[in-house]
Amino acid sequence: MKIYLDTCCLNRPFDDQRQPRIRLEAEAVTLILEKFRQREWNWVGSEVLIYEIEQTTNAERKERLFLLAGEANETVEINEKIMERAEALSSLGFGEYDALHLASAENAKVDVFLTTDDPLQTIANKNKKRLPSFIVSNPVKWLEEVLKK
């Protein structure tokens, strides 16, 4: 199974854990990362993920994020096809970086795109038919479904 984690997901274990939702999402992301390390699932990252990590102002967090991102099994390089697809996705209401993440995930033929970004999930749900190759989900919700099987 190929899984794309966006920057929000990757940041979650380093966010303030006092809020129950954040703590649950952090635990889900941590478990998913463990499945990658055990080679049960494949992690797809991208150049846009690396670029967003570079924008992190907290040096310690940035270093931790780079270490995590370095564990990805595959890193999608941005090309003209991805840029064109991202433009089309932007026209559906996705932000610039979200569109690039989604286009990268689509290019890599992932099974699932995980994010903790509620607006991104809302737009993706409205446009399911235009994102037919993979599902977009919250890591907690997705992990619950997968573990039921």
# chains A, B, ... in the order shown; residues from 1 in each chain; ligands from 1
>>> closest_atom_pairs(of="range 13-67 of chain A", to="range 120-143 of chain A", cutoff="9 Å", atoms="only C-alpha atoms", output="tab-separated table")
residue	atom	partner	partner_atom	distance
A:Leu24	CA	A:Val140	CA	6.9
A:Glu25	CA	A:Val140	CA	5.7
A:Ala26	CA	A:Val140	CA	8.8
A:Glu27	CA	A:Val140	CA	8.4
A:Ala28	CA	A:Val140	CA	5.5
A:Val29	CA	A:Pro139	CA	6.4
A:Leu31	CA	A:Leu143	CA	8.9
A:Ile32	CA	A:Leu143	CA	8.1
>>> closest_residue(among="A:Gly45, A:Gly93, A:Pro20, A:Gly70", to="Ala108 in chain A", atoms="only C-alpha atoms")
A:Gly45
>>> residues_around(residues="range 51-60 of chain A", least_positions_apart="4", cutoff="10 Å", atoms="only C-alpha atoms", output="list of chain:residue names")
A:Asp6, A:Thr7, A:Cys8, A:Leu10, A:Asn11, A:Ser46, A:Glu47, A:Arg64, A:Leu65, A:Phe66, A:Ala69, A:Tyr97
>>> write_last_selection(atoms="C-alpha atoms", output="CSV table (one decimal), in the first residue's frame")
chain,number,residue,atom,x,y,z
A,6,ASP,CA,1.2,15.8,3.8
A,7,THR,CA,3.2,18.3,5.8
A,8,CYS,CA,0.3,18.7,8.4
A,10,LEU,CA,4.3,15.0,9.4
A,11,ASN,CA,4.1,17.9,11.9
A,46,SER,CA,7.6,14.8,-2.6
A,47,GLU,CA,9.7,17.8,-3.3
A,64,ARG,CA,13.2,16.4,13.1
A,65,LEU,CA,10.9,16.8,10.1
A,66,PHE,CA,13.9,16.4,7.7
A,69,ALA,CA,11.0,12.9,5.5
A,97,TYR,CA,0.8,23.6,-1.8
>>> closest_residue(among="A:Glu96, A:Val110, A:Met83, A:Thr116", to="Arg23 in chain A", atoms="only C-alpha atoms")
A:Thr116
>>> closest_residue(among="A:Glu74, A:Leu147, A:Asp117, A:Ala86", to="Val44 in chain A", atoms="only C-alpha atoms")
A:Glu74
>>> atom_distance(atom1="CA of Asn42 in chain A", atom2="CA of Val76 in chain A")
13.1 Å
>>> atom_distance(atom1="CA of Phe36 in chain A", atom2="CA of Ala103 in chain A")
21.7 Å
>>> select_by_dssp(residues="chain A", states="strand (DSSP E or B)", output="PDB file with C-alpha atoms, in the first residue's frame")
ATOM      1  CA  LYS A   2       1.343   3.411  -1.007  1.00  0.00           C
ATOM      2  CA  ILE A   3       0.577   6.277   1.359  1.00  0.00           C
ATOM      3  CA  TYR A   4       1.245   9.996   1.059  1.00  0.00           C
ATOM      4  CA  LEU A   5       1.533  12.050   4.251  1.00  0.00           C
ATOM      5  CA  ASN A  42       5.245   2.347   1.470  1.00  0.00           C
ATOM      6  CA  TRP A  43       5.630   6.035   2.178  1.00  0.00           C
ATOM      7  CA  VAL A  44       5.585   8.449  -0.732  1.00  0.00           C
ATOM      8  CA  GLY A  45       6.944  11.934  -0.129  1.00  0.00           C
ATOM      9  CA  SER A  46       7.637  14.759  -2.551  1.00  0.00           C
ATOM     10  CA  GLU A  74       9.913   7.360  -2.650  1.00  0.00           C
ATOM     11  CA  THR A  75      10.165  11.098  -3.273  1.00  0.00           C
ATOM     12  CA  VAL A  76       8.194  12.536  -6.173  1.00  0.00           C
ATOM     13  CA  VAL A 112      -4.336   7.041   0.177  1.00  0.00           C
ATOM     14  CA  PHE A 113      -3.443  10.663   0.901  1.00  0.00           C
ATOM     15  CA  LEU A 114      -3.438  11.455   4.617  1.00  0.00           C
ATOM     16  CA  ILE A 135      -8.814   8.536  -1.096  1.00  0.00           C
ATOM     17  CA  VAL A 136      -8.097  11.613   1.019  1.00  0.00           C
ATOM     18  CA  SER A 137      -8.564  11.016   4.730  1.00  0.00           C
TER      19      SER A 137
END
>>> select_by_dssp(residues="range 6-146 of chain A", states="alpha helix (DSSP H)", output="PyMOL selection string")
chain A and resi 7-11+20-37+47-54+59-69+80-90+96-107+118-126+139-146
